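As provided, start-v6.cif (mmCIF, C-alpha atoms) reads as follows.
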```cif
data_final
#
loop_
_atom_site.label_atom_id
_atom_site.label_comp_id
_atom_site.auth_asym_id
_atom_site.auth_seq_id
_atom_site.Cartn_x
_atom_site.Cartn_y
_atom_site.Cartn_z
CA MET A 1390 11.57 -16.86 -0.97
CA ILE A 1391 12.70 -13.40 0.18
CA ILE A 1392 16.16 -13.93 -1.37
CA ASN A 1393 14.60 -15.03 -4.66
CA ASN A 1394 12.34 -11.97 -4.68
CA ASN A 1395 15.33 -9.70 -4.04
CA ILE A 1396 17.31 -11.30 -6.87
CA THR A 1397 14.35 -10.91 -9.22
CA THR A 1398 14.03 -7.24 -8.28
CA VAL A 1399 17.73 -6.61 -8.89
CA VAL A 1400 17.58 -8.34 -12.28
CA LYS A 1401 14.52 -6.30 -13.29
CA HIS A 1402 16.20 -3.02 -12.32
CA ALA A 1403 19.41 -4.00 -14.09
CA LEU A 1404 17.47 -4.74 -17.27
CA PHE A 1405 15.64 -1.44 -16.93
CA TRP A 1406 18.90 0.55 -16.81
CA LEU A 1407 20.39 -1.51 -19.61
CA ILE A 1408 17.40 -0.62 -21.77
CA ILE A 1409 17.75 3.05 -20.81
CA PHE A 1410 21.43 3.03 -21.76
CA ILE A 1411 20.86 1.22 -25.06
CA PHE A 1412 18.04 3.61 -25.86
CA HIS A 1413 20.36 6.61 -25.32
CA ILE A 1414 23.10 5.37 -27.60
CA THR A 1415 20.62 4.15 -30.22
CA ILE A 1416 18.84 7.47 -30.74
CA ALA A 1417 22.04 9.53 -30.46
CA ASN A 1418 23.32 11.12 -33.67
CA SER A 1419 26.71 9.51 -34.35
CA ASN A 1420 27.74 12.57 -36.41
CA TYR A 1421 28.14 14.49 -33.14
CA PHE A 1422 30.70 11.96 -31.89
CA PRO A 1423 33.87 12.05 -34.04
CA GLY A 1424 35.48 9.72 -31.52
CA GLY A 1425 33.15 6.92 -32.62
CA TYR A 1426 31.37 4.41 -30.43
CA LYS A 1427 33.95 4.75 -27.66
CA GLU A 1428 33.11 8.42 -27.19
CA LEU A 1429 29.38 7.70 -27.56
CA ILE A 1430 29.44 4.99 -24.91
CA GLU A 1431 31.59 6.98 -22.48
CA THR A 1432 29.37 10.03 -22.85
CA TYR A 1433 26.07 8.29 -22.22
CA LEU A 1434 27.45 5.83 -19.69
CA SER A 1435 28.36 8.77 -17.47
CA LYS A 1436 24.89 10.25 -17.92
CA THR A 1437 23.23 6.91 -17.15
CA ILE A 1438 25.29 6.55 -13.97
CA LEU A 1439 24.14 10.00 -12.90
CA GLN A 1440 20.54 8.99 -13.64
CA ILE A 1441 20.91 5.84 -11.53
CA ILE A 1442 22.37 7.71 -8.55
CA LEU A 1443 19.73 10.41 -8.71
CA ALA A 1444 16.83 7.99 -9.18
CA TYR A 1445 17.51 5.77 -6.16
CA THR A 1446 18.55 8.68 -3.96
CA LEU A 1447 15.32 10.52 -4.72
CA LEU A 1448 13.20 7.38 -4.29
CA TYR A 1449 14.73 6.81 -0.86
CA ILE A 1450 14.27 10.44 0.18
CA LEU A 1451 10.74 10.42 -1.23
CA LYS A 1452 9.89 7.43 0.96
CA LEU A 1453 11.09 9.27 4.06
CA SER A 1454 9.32 12.47 3.02
CA PHE A 1455 6.07 10.58 2.46
CA VAL A 1456 6.22 9.13 5.94
CA LYS A 1457 7.10 12.43 7.60
CA ASN A 1458 5.02 14.54 5.20
CA LYS A 1459 7.90 16.94 4.42
CA TRP A 1460 7.43 17.73 0.75
CA ILE A 1461 9.12 21.14 0.79
CA ARG A 1462 12.30 19.59 2.13
CA PHE A 1463 12.11 16.87 -0.53
CA SER A 1464 11.81 19.49 -3.29
CA PHE A 1465 14.76 21.43 -1.91
CA ILE A 1466 16.95 18.32 -1.62
CA SER A 1467 16.01 17.32 -5.17
CA CYS A 1468 17.19 20.67 -6.53
CA VAL A 1469 20.42 20.42 -4.57
CA LEU A 1470 21.09 16.91 -5.88
CA LEU A 1471 20.44 18.03 -9.45
CA LEU A 1472 22.85 20.91 -9.01
CA ILE A 1473 25.53 18.60 -7.59
CA GLU A 1474 25.10 16.16 -10.48
CA PHE A 1475 25.13 19.07 -12.95
CA THR A 1476 28.48 20.12 -11.47
CA PHE A 1477 29.94 16.60 -11.67
CA TYR A 1478 28.69 16.31 -15.24
CA HIS A 1479 30.67 19.42 -16.27
CA LEU A 1480 33.74 18.37 -14.28
CA TYR A 1481 33.71 15.06 -16.15
CA ASN A 1482 33.37 16.93 -19.43
CA ILE A 1483 36.16 19.44 -18.66
CA HIS A 1484 38.71 16.98 -17.28
CA TYR A 1485 38.04 13.97 -19.48
CA LEU A 1486 35.70 14.20 -22.47
CA GLU A 1487 36.89 17.60 -23.75
CA VAL A 1488 40.51 16.56 -23.27
CA THR A 1489 40.11 13.11 -24.83
CA TYR A 1490 37.84 14.19 -27.69
CA PRO A 1491 38.66 17.88 -28.35
CA GLU A 1492 37.28 17.81 -31.92
CA SER A 1493 33.78 17.22 -30.52
CA TYR A 1494 33.80 20.44 -28.50
CA VAL A 1495 35.29 22.95 -30.95
CA GLY A 1496 33.22 26.13 -30.86
CA ALA A 1497 30.99 24.82 -28.10
CA VAL A 1498 31.36 25.42 -24.35
CA LYS A 1499 34.99 24.29 -24.19
CA ASN A 1500 36.33 27.68 -23.16
CA ASP A 1501 33.59 28.46 -20.63
CA SER A 1502 34.60 28.24 -16.97
CA LEU A 1503 32.96 25.73 -14.59
CA VAL A 1504 31.09 28.51 -12.78
CA ALA A 1505 29.77 29.96 -16.05
CA ARG A 1506 28.51 26.55 -17.10
CA ILE A 1507 26.82 25.90 -13.75
CA LEU A 1508 25.08 29.29 -13.82
CA ASN A 1509 23.65 28.65 -17.28
CA PHE A 1510 20.01 28.07 -16.28
CA GLY A 1511 18.94 26.89 -19.74
CA ASN A 1512 21.52 24.12 -19.77
CA PHE A 1513 20.67 23.23 -16.17
CA LEU A 1514 16.98 22.89 -17.02
CA GLY A 1515 17.68 20.71 -20.07
CA PHE A 1516 20.11 18.56 -18.07
CA SER A 1517 17.58 18.16 -15.24
CA LEU A 1518 14.78 17.03 -17.55
CA PHE A 1519 17.07 14.50 -19.19
CA ILE A 1520 18.47 13.12 -15.92
CA LEU A 1521 15.04 12.91 -14.27
CA GLN A 1522 13.32 10.91 -17.02
CA PRO A 1523 14.12 7.40 -15.66
CA THR A 1524 13.14 8.59 -12.17
CA PHE A 1525 9.70 9.49 -13.47
CA TYR A 1526 9.36 6.02 -15.03
CA LEU A 1527 10.36 4.36 -11.76
CA LEU A 1528 7.94 6.53 -9.79
CA ILE A 1529 5.08 5.61 -12.10
CA HIS A 1530 5.98 1.92 -11.81
CA LYS A 1531 6.28 2.18 -8.03
CA PHE A 1532 2.90 3.92 -7.78
CA TYR A 1533 1.27 1.26 -9.96
CA SER A 1534 2.88 -1.57 -7.94
CA ASN A 1535 1.75 0.01 -4.67
CA GLN A 1536 -1.79 0.32 -5.99
CA GLN A 1537 -1.77 -3.36 -6.99
CA LYS A 1538 -0.45 -4.36 -3.57
CA LEU A 1539 -3.09 -2.20 -1.90
CA LEU A 1540 -5.83 -3.87 -3.94
CA LYS A 1541 -4.52 -7.31 -2.98
CA VAL A 1542 -4.31 -6.33 0.68
CA ASN A 1543 -7.86 -4.96 0.61
CA GLU A 1544 -9.14 -8.11 -1.11
CA GLN A 1545 -7.36 -10.29 1.44
CA LYS A 1546 -8.71 -8.18 4.28
CA LYS A 1547 -12.21 -8.44 2.84
CA SER A 1548 -11.89 -12.23 2.45
CA ASN A 1549 -10.59 -12.61 6.01
CA GLU A 1550 -13.39 -10.47 7.39
CA LEU A 1551 -16.01 -12.43 5.47
CA ALA A 1552 -14.55 -15.71 6.72
CA MET A 1553 -14.65 -14.39 10.27
CA LEU A 1554 -18.27 -13.34 9.89
CA LYS A 1555 -19.23 -16.74 8.51
CA HIS A 1556 -17.54 -18.47 11.42
CA GLN A 1557 -19.63 -16.33 13.74
CA LEU A 1558 -22.82 -17.34 11.91
CA ASN A 1559 -22.26 -21.06 11.51
CA PRO A 1560 -21.89 -22.05 15.20
CA HIS A 1561 -25.06 -20.10 16.01
CA PHE A 1562 -26.95 -21.94 13.29
CA LEU A 1563 -25.55 -25.32 14.33
CA PHE A 1564 -26.54 -24.71 17.95
CA ASN A 1565 -30.16 -24.03 16.94
CA THR A 1566 -30.48 -27.08 14.68
CA LEU A 1567 -28.91 -29.44 17.23
CA ASN A 1568 -31.39 -28.18 19.81
CA ASN A 1569 -34.20 -29.13 17.44
CA LEU A 1570 -32.83 -32.65 17.02
CA TYR A 1571 -32.26 -33.00 20.75
CA SER A 1572 -35.93 -32.25 21.43
CA LEU A 1573 -36.99 -34.97 18.99
CA THR A 1574 -34.67 -37.61 20.41
CA ILE A 1575 -35.88 -36.90 23.96
CA THR A 1576 -39.47 -37.62 22.90
CA LYS A 1577 -38.36 -40.53 20.66
CA SER A 1578 -40.20 -38.99 17.75
CA GLU A 1579 -40.56 -41.00 14.53
CA LYS A 1580 -39.62 -37.83 12.68
CA ALA A 1581 -36.06 -37.97 14.03
CA PRO A 1582 -34.57 -39.89 11.04
CA LYS A 1583 -36.13 -37.45 8.60
CA ILE A 1584 -34.81 -34.51 10.60
CA ILE A 1585 -31.35 -36.07 10.77
CA GLY A 1586 -31.41 -36.26 6.98
CA LYS A 1587 -32.41 -32.59 6.73
CA LEU A 1588 -29.76 -31.63 9.26
CA SER A 1589 -27.19 -33.60 7.30
CA ASP A 1590 -28.10 -31.72 4.13
CA ILE A 1591 -27.90 -28.41 5.96
CA LEU A 1592 -24.51 -29.12 7.53
CA ASP A 1593 -23.15 -30.42 4.23
CA TYR A 1594 -24.14 -27.16 2.57
CA VAL A 1595 -23.02 -24.86 5.39
CA LEU A 1596 -19.66 -26.58 5.91
CA TYR A 1597 -18.70 -27.59 2.35
CA ARG A 1598 -20.96 -25.97 -0.25
CA SER A 1599 -21.08 -22.37 0.92
CA SER A 1600 -17.36 -21.58 0.72
CA ASP A 1601 -17.75 -19.75 -2.61
CA LYS A 1602 -18.20 -16.02 -2.63
CA PHE A 1603 -21.54 -16.38 -4.43
CA VAL A 1604 -23.78 -19.44 -4.83
CA PRO A 1605 -26.92 -20.22 -6.88
CA LEU A 1606 -30.01 -18.71 -5.29
CA GLN A 1607 -31.80 -22.05 -5.60
CA LYS A 1608 -29.35 -23.61 -3.13
CA GLU A 1609 -30.05 -20.89 -0.58
CA VAL A 1610 -33.79 -21.45 -1.01
CA LYS A 1611 -33.30 -25.18 -0.46
CA LEU A 1612 -31.33 -24.42 2.69
CA ILE A 1613 -34.17 -22.27 4.01
CA GLU A 1614 -36.71 -25.00 3.19
CA ASN A 1615 -34.72 -27.56 5.15
CA TYR A 1616 -34.40 -25.17 8.06
CA LEU A 1617 -38.14 -24.49 8.07
CA VAL A 1618 -38.80 -28.23 8.26
CA LEU A 1619 -36.66 -28.44 11.38
CA GLU A 1620 -38.32 -25.48 13.03
CA LYS A 1621 -41.83 -26.65 12.12
CA VAL A 1622 -41.13 -29.96 13.82
CA ARG A 1623 -39.77 -28.15 16.85
CA TYR A 1624 -42.62 -25.70 17.32
CA GLY A 1625 -45.51 -27.61 15.72
CA ASN A 1626 -48.78 -25.71 15.84
CA ARG A 1627 -47.19 -22.86 17.76
CA VAL A 1628 -46.10 -21.29 14.48
CA GLU A 1629 -47.70 -20.71 11.09
CA ILE A 1630 -45.17 -20.49 8.28
CA ASN A 1631 -45.95 -19.05 4.86
CA PHE A 1632 -43.09 -19.41 2.39
CA GLU A 1633 -43.54 -18.14 -1.16
CA LYS A 1634 -40.83 -18.18 -3.82
CA LYS A 1635 -40.70 -16.93 -7.40
CA ILE A 1636 -37.09 -17.22 -8.45
CA ASN A 1637 -34.76 -17.49 -11.38
CA SER A 1638 -32.41 -20.30 -10.42
CA GLU A 1639 -29.59 -18.93 -12.58
CA LEU A 1640 -29.05 -15.91 -10.33
CA LYS A 1641 -26.43 -16.02 -7.59
CA ILE A 1642 -26.29 -14.62 -4.07
CA ALA A 1643 -23.82 -14.52 -1.19
CA PRO A 1644 -24.28 -17.67 0.95
CA LEU A 1645 -26.06 -17.72 4.34
CA LEU A 1646 -27.36 -14.15 4.10
CA LEU A 1647 -31.08 -14.91 3.93
CA LEU A 1648 -31.01 -17.75 6.43
CA THR A 1649 -29.85 -15.42 9.18
CA PHE A 1650 -32.98 -13.28 8.82
CA VAL A 1651 -35.14 -16.42 8.97
CA GLU A 1652 -33.29 -17.58 12.10
CA ASN A 1653 -33.86 -14.17 13.63
CA ALA A 1654 -37.61 -14.42 12.92
CA PHE A 1655 -37.85 -17.68 14.88
CA LYS A 1656 -35.58 -16.51 17.67
CA HIS A 1657 -37.50 -13.31 18.38
CA GLY A 1658 -40.94 -14.18 17.03
CA VAL A 1659 -41.58 -17.77 18.10
CA SER A 1660 -39.34 -18.91 20.93
CA GLN A 1661 -40.90 -16.47 23.45
CA GLU A 1662 -44.47 -16.61 22.06
CA LEU A 1663 -46.99 -18.30 24.35
CA ASP A 1664 -49.72 -18.36 21.74
CA LYS A 1665 -49.43 -18.84 17.98
CA ALA A 1666 -46.80 -16.97 15.99
CA THR A 1667 -46.78 -16.23 12.28
CA ILE A 1668 -43.82 -15.97 9.92
CA ASN A 1669 -44.24 -14.83 6.32
CA ILE A 1670 -41.34 -15.27 3.88
CA LEU A 1671 -41.16 -14.20 0.25
CA ILE A 1672 -38.27 -14.57 -2.18
CA LYS A 1673 -38.64 -13.39 -5.75
CA THR A 1674 -36.41 -12.30 -8.59
CA ASN A 1675 -36.91 -9.52 -11.09
CA ASN A 1676 -34.47 -9.43 -14.00
CA ASN A 1677 -31.12 -9.22 -12.19
CA SER A 1678 -32.37 -8.27 -8.73
CA ILE A 1679 -33.44 -10.36 -5.75
CA ASP A 1680 -36.22 -9.30 -3.37
CA PHE A 1681 -36.40 -10.91 0.04
CA TYR A 1682 -39.12 -10.28 2.57
CA VAL A 1683 -39.64 -11.82 6.00
CA GLN A 1684 -42.03 -10.74 8.72
CA ASN A 1685 -42.61 -12.30 12.11
CA THR A 1686 -45.16 -11.49 14.77
CA LYS A 1687 -43.80 -10.52 18.16
CA PRO A 1688 -44.83 -12.16 21.46
CA LYS A 1689 -48.01 -10.57 22.75
CA GLN A 1690 -46.52 -10.15 26.19
CA GLU A 1691 -44.08 -7.67 24.67
CA THR A 1692 -46.60 -5.55 22.77
CA ASN A 1693 -47.60 -3.59 25.85
CA ASN A 1694 -44.01 -3.00 26.86
CA GLU A 1695 -41.26 -0.93 25.30
CA ILE A 1696 -40.26 -2.23 21.85
CA LYS A 1697 -37.19 -4.42 22.19
CA SER A 1698 -34.38 -4.48 19.69
CA THR A 1699 -34.26 -7.55 17.46
CA ASN A 1700 -30.99 -6.62 15.77
CA GLY A 1701 -28.87 -9.41 17.20
CA ILE A 1702 -25.34 -10.44 16.31
CA GLY A 1703 -26.58 -12.40 13.30
CA ILE A 1704 -28.26 -9.44 11.61
CA LYS A 1705 -25.33 -7.13 12.39
CA ASN A 1706 -23.00 -9.65 10.75
CA VAL A 1707 -25.24 -9.83 7.69
CA GLU A 1708 -25.18 -6.05 7.39
CA LYS A 1709 -21.37 -6.14 7.43
CA GLN A 1710 -21.33 -8.83 4.77
CA LEU A 1711 -23.70 -6.85 2.57
CA LYS A 1712 -21.42 -3.82 2.75
CA LEU A 1713 -18.37 -5.91 1.92
CA LEU A 1714 -19.89 -7.91 -0.92
CA TYR A 1715 -22.46 -5.63 -2.50
CA ASP A 1716 -21.11 -2.16 -1.79
CA ASN A 1717 -24.03 0.09 -2.83
CA ASP A 1718 -25.91 -2.55 -4.83
CA TYR A 1719 -28.35 -3.41 -2.07
CA ASN A 1720 -31.10 -1.87 0.03
CA LEU A 1721 -31.93 -3.22 3.48
CA LYS A 1722 -34.86 -1.96 5.53
CA LEU A 1723 -35.63 -3.21 9.04
CA GLU A 1724 -38.95 -2.29 10.65
CA ASN A 1725 -39.35 -2.97 14.36
CA ALA A 1726 -43.00 -2.28 15.11
CA GLN A 1727 -45.05 -2.87 18.24
CA SER A 1728 -46.48 -6.21 17.08
CA PHE A 1729 -44.13 -7.36 14.31
CA PHE A 1730 -40.60 -7.23 12.95
CA LYS A 1731 -40.09 -6.97 9.20
CA VAL A 1732 -37.10 -7.26 6.89
CA ASN A 1733 -37.05 -5.98 3.31
CA LEU A 1734 -33.89 -6.72 1.35
CA ASN A 1735 -33.29 -5.90 -2.29
CA LEU A 1736 -29.95 -6.61 -3.91
CA GLU A 1737 -28.36 -6.98 -7.31
CA ALA A 1738 -27.67 -10.61 -8.15
CA ARG A 1739 -24.14 -11.68 -8.96
#
```

Is it possible to give me this structure as structure tokens?
Amino acid sequence: MIINNNITTVVKHALFWLIIFIFHITIANSNYFPGGYKELIETYLSKTILQIILAYTLLYILKLSFVKNKWIRFSFISCVLLLIEFTFYHLYNIHYLEVTYPESYVGAVKNDSLVARILNFGNFLGFSLFILQPTFYLLIHKFYSNQQKLLKVNEQKKSNELAMLKHQLNPHFLFNTLNNLYSLTITKSEKAPKIIGKLSDILDYVLYRSSDKFVPLQKEVKLIENYLVLEKVRYGNRVEINFEKKINSELKIAPLLLLTFVENAFKHGVSQELDKATINILIKTNNNSIDFYVQNTKPKQETNNEIKSTNGIGIKNVEKQLKLLYDNDYNLKLENAQSFFKVNLNLEAR
């Protein structure tokens, strides 16, 4: 694969220089070349060779200068290289072109010495602009290619990070749901088959249906409903659950975001409550935005103590996912009061 890529690169660069050379001889005025196509080709072939040498030398030096952040040295070396090529250009003219095709240089610079030609700043500037043109094209292409590679790397990094975050969420969720089922099987509850069916639906969605970057909101709502059934069976009358939904099923959302907040409500609002806990959940859509609200009461034994943090690993992971997927198109507010914990999330649907 590496060899094939290298061959492709060489072919592309060869075609680029072939196009440059053909372009030179195509736009050249043949009236200025009494020697015909032979003189035309020899003249611009020499210039193209100088362009090739300068281009790859400068690109290599530029790479080193970028790493070491030595731009002044790069500028100085560039000027020196241009001066060297300017000298070779005139040496080639004096010792070959002007000797081989004297009629083309009558009344021009034929009688000027090498030093006089080199010190002609106007000619040097024109020569430099001409020789540097392909280098500018290659630099622009290199910059564009690097930007594309950077975008791909960032996208891959984002995808890998999201996958890692999901792997952190899924085992936590699976642990909770299996605990629910375990409690039912211990008591030989008749609800166990129903719960197994709900658990099967949940695992099918979590493992196979939530791999997309965004999923229909309706599927996430169904996931939450199944989860609430499991938790209601587990806690019975110890928890009062109010779930209200007003949604547009066509909107999409990142998978498993909302469920984590619901899990957190049970973990911190019900599991340690000796009396009755309350969880209120609201999901609604407005045009292209999704509003999610969940509030859970906190165990009464904690209300007289210092407020404890309820921002567990799950919520921290969700916050990371929101930043990765929604950038600035979301607003998350967490309120940790003495007697309740509340989540308000608003985000732009995808």

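Note on the selection: in this file the PyMOL selection byres ((chain A and resi 1503) around 12) comes out as A:Phe1475, A:Thr1476, A:Phe1477, A:Tyr1478, A:His1479, A:Leu1480, A:Tyr1481, A:Asn1482, A:Ile1483, A:His1484, A:Val1498, A:Lys1499, A:Asn1500, A:Asp1501, A:Ser1502, A:Val1504, A:Ala1505, A:Arg1506, A:Ile1507, A:Leu1508, A:Asn1509.
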
Problem - Given all atoms listed in the file as the counted atoms, nearest of A:Tyr1719, A:Phe1650, A:Phe1564, A:Phe1729 to Lys1687 (chain A) - result: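 Looking at the shortest contact to Lys1687 (chain A), the residue is A:Phe1729.
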
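Using only C-alpha atoms, the nearest neighbour of Phe1681 (chain A) within the list A:Lys1401, A:Lys1731, A:Lys1583, A:Lys1436 is A:Lys1731.
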
Practice task
May I ask for the distance between CA of Lys1705 (chain A) and CA of Gly1625 (chain A), given in Å to one decimal place?
Solution key: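 Straight-line distance from CA of Lys1705 (chain A) to CA of Gly1625 (chain A) works out to 28.9 Å.
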
Exercise for the section: Provide the CA of Asn1725 (chain A) to CA of Thr1686 (chain A) distance in Å, to one decimal place. Expected result: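 Distance between the two atoms: 10.3 Å.
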
Write out as a PDB file with C-alpha atoms, keeping the file's coordinate frame the residues lying within 9 Å of Glu1737 (chain A), counting only C-alpha atoms and excluding same-chain residues fewer than 4 positions away.
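This went into out02.pdb:
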```pdb
ATOM      1  CA  ILE A1642     -26.290 -14.620  -4.070  1.00  0.00           C
ATOM      2  CA  ASN A1677     -31.120  -9.220 -12.190  1.00  0.00           C
ATOM      3  CA  SER A1678     -32.370  -8.270  -8.730  1.00  0.00           C
ATOM      4  CA  ILE A1679     -33.440 -10.360  -5.750  1.00  0.00           C
ATOM      5  CA  TYR A1715     -22.460  -5.630  -2.500  1.00  0.00           C
ATOM      6  CA  ASP A1718     -25.910  -2.550  -4.830  1.00  0.00           C
ATOM      7  CA  TYR A1719     -28.350  -3.410  -2.070  1.00  0.00           C
TER       8      TYR A1719
END
```

Completion exercise
In terms of all atoms listed in the file, the residue from A:Gln1440, A:Ser1435, A:Asn1735, A:Ser1467 at minimal distance from Tyr1485 (chain A) is A:Ser1435

Problem - Shell of 10 Å around Ser1517 (chain A), all atoms listed in the file, local chain residues under 6 positions omitted, as a list of chain:residue names - result: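 After dropping sequence-adjacent residues, the list is A:Gln1440, A:Cys1468, A:Leu1471, A:Leu1472, A:Glu1474, A:Phe1475, A:Gly1511.
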
Handout entry: For Leu1486 (chain A): contacts at 9 Å, all atoms listed in the file, fewer than 6 positions along chain excluded, given as a ChimeraX atom specification
Key = /A:1428,1431-1432,1493-1494

Problem - Selected residue of minimal separation from Leu1592 (chain A) among A:Gln1661, A:Thr1437, A:Asn1615, A:Thr1415, counting all atoms listed in the file - result: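 Closest residue, counting all atoms listed in the file: A:Asn1615.
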
Here's the selection I'm unsure about, the PyMOL selection byres ((chain A and resi 1607) around 9); applied to the file above, which residues does it give, as a JSON list (two decimals) with C-alpha atoms, in the coordinates of the input?
```json
[["chain", "number", "residue", "atom", "x", "y", "z"],
["A", 1604, "VAL", "CA", -23.78, -19.44, -4.83],
["A", 1605, "PRO", "CA", -26.92, -20.22, -6.88],
["A", 1606, "LEU", "CA", -30.01, -18.71, -5.29],
["A", 1608, "LYS", "CA", -29.35, -23.61, -3.13],
["A", 1609, "GLU", "CA", -30.05, -20.89, -0.58],
["A", 1610, "VAL", "CA", -33.79, -21.45, -1.01],
["A", 1611, "LYS", "CA", -33.30, -25.18, -0.46],
["A", 1612, "LEU", "CA", -31.33, -24.42, 2.69],
["A", 1636, "ILE", "CA", -37.09, -17.22, -8.45],
["A", 1637, "ASN", "CA", -34.76, -17.49, -11.38],
["A", 1638, "SER", "CA", -32.41, -20.30, -10.42],
["A", 1639, "GLU", "CA", -29.59, -18.93, -12.58],
["A", 1640, "LEU", "CA", -29.05, -15.91, -10.33],
["A", 1641, "LYS", "CA", -26.43, -16.02, -7.59]]
```

Evaluate the PyMOL selection byres ((chain A and resi 1591) around 10) here and jot the selected residues down as a PDB file with C-alpha atoms, in the coordinates of the input.
```
ATOM      1  CA  PHE A1562     -26.950 -21.940  13.290  1.00  0.00           C
ATOM      2  CA  LEU A1563     -25.550 -25.320  14.330  1.00  0.00           C
ATOM      3  CA  THR A1566     -30.480 -27.080  14.680  1.00  0.00           C
ATOM      4  CA  ILE A1585     -31.350 -36.070  10.770  1.00  0.00           C
ATOM      5  CA  GLY A1586     -31.410 -36.260   6.980  1.00  0.00           C
ATOM      6  CA  LYS A1587     -32.410 -32.590   6.730  1.00  0.00           C
ATOM      7  CA  LEU A1588     -29.760 -31.630   9.260  1.00  0.00           C
ATOM      8  CA  SER A1589     -27.190 -33.600   7.300  1.00  0.00           C
ATOM      9  CA  ASP A1590     -28.100 -31.720   4.130  1.00  0.00           C
ATOM     10  CA  LEU A1592     -24.510 -29.120   7.530  1.00  0.00           C
ATOM     11  CA  ASP A1593     -23.150 -30.420   4.230  1.00  0.00           C
ATOM     12  CA  TYR A1594     -24.140 -27.160   2.570  1.00  0.00           C
ATOM     13  CA  VAL A1595     -23.020 -24.860   5.390  1.00  0.00           C
ATOM     14  CA  LEU A1596     -19.660 -26.580   5.910  1.00  0.00           C
ATOM     15  CA  TYR A1597     -18.700 -27.590   2.350  1.00  0.00           C
ATOM     16  CA  ARG A1598     -20.960 -25.970  -0.250  1.00  0.00           C
ATOM     17  CA  LYS A1611     -33.300 -25.180  -0.460  1.00  0.00           C
ATOM     18  CA  LEU A1612     -31.330 -24.420   2.690  1.00  0.00           C
ATOM     19  CA  ILE A1613     -34.170 -22.270   4.010  1.00  0.00           C
ATOM     20  CA  GLU A1614     -36.710 -25.000   3.190  1.00  0.00           C
ATOM     21  CA  ASN A1615     -34.720 -27.560   5.150  1.00  0.00           C
ATOM     22  CA  TYR A1616     -34.400 -25.170   8.060  1.00  0.00           C
TER      23      TYR A1616
END
```

Problem - Separation of CA of Phe1730 (chain A) from CA of Pro1688 (chain A) in Å - result: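 Answer for the CA of Pro1688 (chain A) to CA of Phe1730 (chain A) separation: 10.7 Å.
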
Problem - Contact residues around region 1526-1529 of chain A with all atoms listed in the file at 12 Å, ignoring same-chain residues under 6 positions, as a VMD selection string - result: chain A and resid 1401 to 1402 1405 to 1406 1409 1440 to 1441 1443 to 1445 1447 to 1449 1451 to 1452 1520 1535 to 1536

Exercise for the section: For each of A:Asn1676, A:Lys1634, A:Phe1422, A:Arg1623, take the minimum atom-to-atom distance to Ser1578 (chain A), counting all atoms listed in the file, then give the residue where this is smallest. Expected result: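 The closest residue to Ser1578 (chain A) is A:Arg1623.
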
Exercise for the section: Within 12 Å of Leu1711 (chain A), counting only C-alpha atoms, which residues show up once you throw out same-chain ones fewer than 2 positions away? Write them as an MDAnalysis selection string, please. Expected result: chainID A and resid 1547 1550:1551 1554 1602 1642:1647 1704:1709 1713:1721 1734:1737

Could you dump the residues just selected with C-alpha atoms as a PDB file, keeping the file's coordinate frame?
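Final output, saved to result_36.pdb:
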```
ATOM      1  CA  LYS A1547     -12.210  -8.440   2.840  1.00  0.00           C
ATOM      2  CA  GLU A1550     -13.390 -10.470   7.390  1.00  0.00           C
ATOM      3  CA  LEU A1551     -16.010 -12.430   5.470  1.00  0.00           C
ATOM      4  CA  LEU A1554     -18.270 -13.340   9.890  1.00  0.00           C
ATOM      5  CA  LYS A1602     -18.200 -16.020  -2.630  1.00  0.00           C
ATOM      6  CA  ILE A1642     -26.290 -14.620  -4.070  1.00  0.00           C
ATOM      7  CA  ALA A1643     -23.820 -14.520  -1.190  1.00  0.00           C
ATOM      8  CA  PRO A1644     -24.280 -17.670   0.950  1.00  0.00           C
ATOM      9  CA  LEU A1645     -26.060 -17.720   4.340  1.00  0.00           C
ATOM     10  CA  LEU A1646     -27.360 -14.150   4.100  1.00  0.00           C
ATOM     11  CA  LEU A1647     -31.080 -14.910   3.930  1.00  0.00           C
ATOM     12  CA  ILE A1704     -28.260  -9.440  11.610  1.00  0.00           C
ATOM     13  CA  LYS A1705     -25.330  -7.130  12.390  1.00  0.00           C
ATOM     14  CA  ASN A1706     -23.000  -9.650  10.750  1.00  0.00           C
ATOM     15  CA  VAL A1707     -25.240  -9.830   7.690  1.00  0.00           C
ATOM     16  CA  GLU A1708     -25.180  -6.050   7.390  1.00  0.00           C
ATOM     17  CA  LYS A1709     -21.370  -6.140   7.430  1.00  0.00           C
ATOM     18  CA  LEU A1713     -18.370  -5.910   1.920  1.00  0.00           C
ATOM     19  CA  LEU A1714     -19.890  -7.910  -0.920  1.00  0.00           C
ATOM     20  CA  TYR A1715     -22.460  -5.630  -2.500  1.00  0.00           C
ATOM     21  CA  ASP A1716     -21.110  -2.160  -1.790  1.00  0.00           C
ATOM     22  CA  ASN A1717     -24.030   0.090  -2.830  1.00  0.00           C
ATOM     23  CA  ASP A1718     -25.910  -2.550  -4.830  1.00  0.00           C
ATOM     24  CA  TYR A1719     -28.350  -3.410  -2.070  1.00  0.00           C
ATOM     25  CA  ASN A1720     -31.100  -1.870   0.030  1.00  0.00           C
ATOM     26  CA  LEU A1721     -31.930  -3.220   3.480  1.00  0.00           C
ATOM     27  CA  LEU A1734     -33.890  -6.720   1.350  1.00  0.00           C
ATOM     28  CA  ASN A1735     -33.290  -5.900  -2.290  1.00  0.00           C
ATOM     29  CA  LEU A1736     -29.950  -6.610  -3.910  1.00  0.00           C
ATOM     30  CA  GLU A1737     -28.360  -6.980  -7.310  1.00  0.00           C
TER      31      GLU A1737
END
```

Completion exercise
If you count all atoms listed in the file, the residue of A:Lys1635, A:Phe1655, A:Thr1489, A:Leu1570 closest to Lys1427 (chain A) turns out to be A:Thr1489
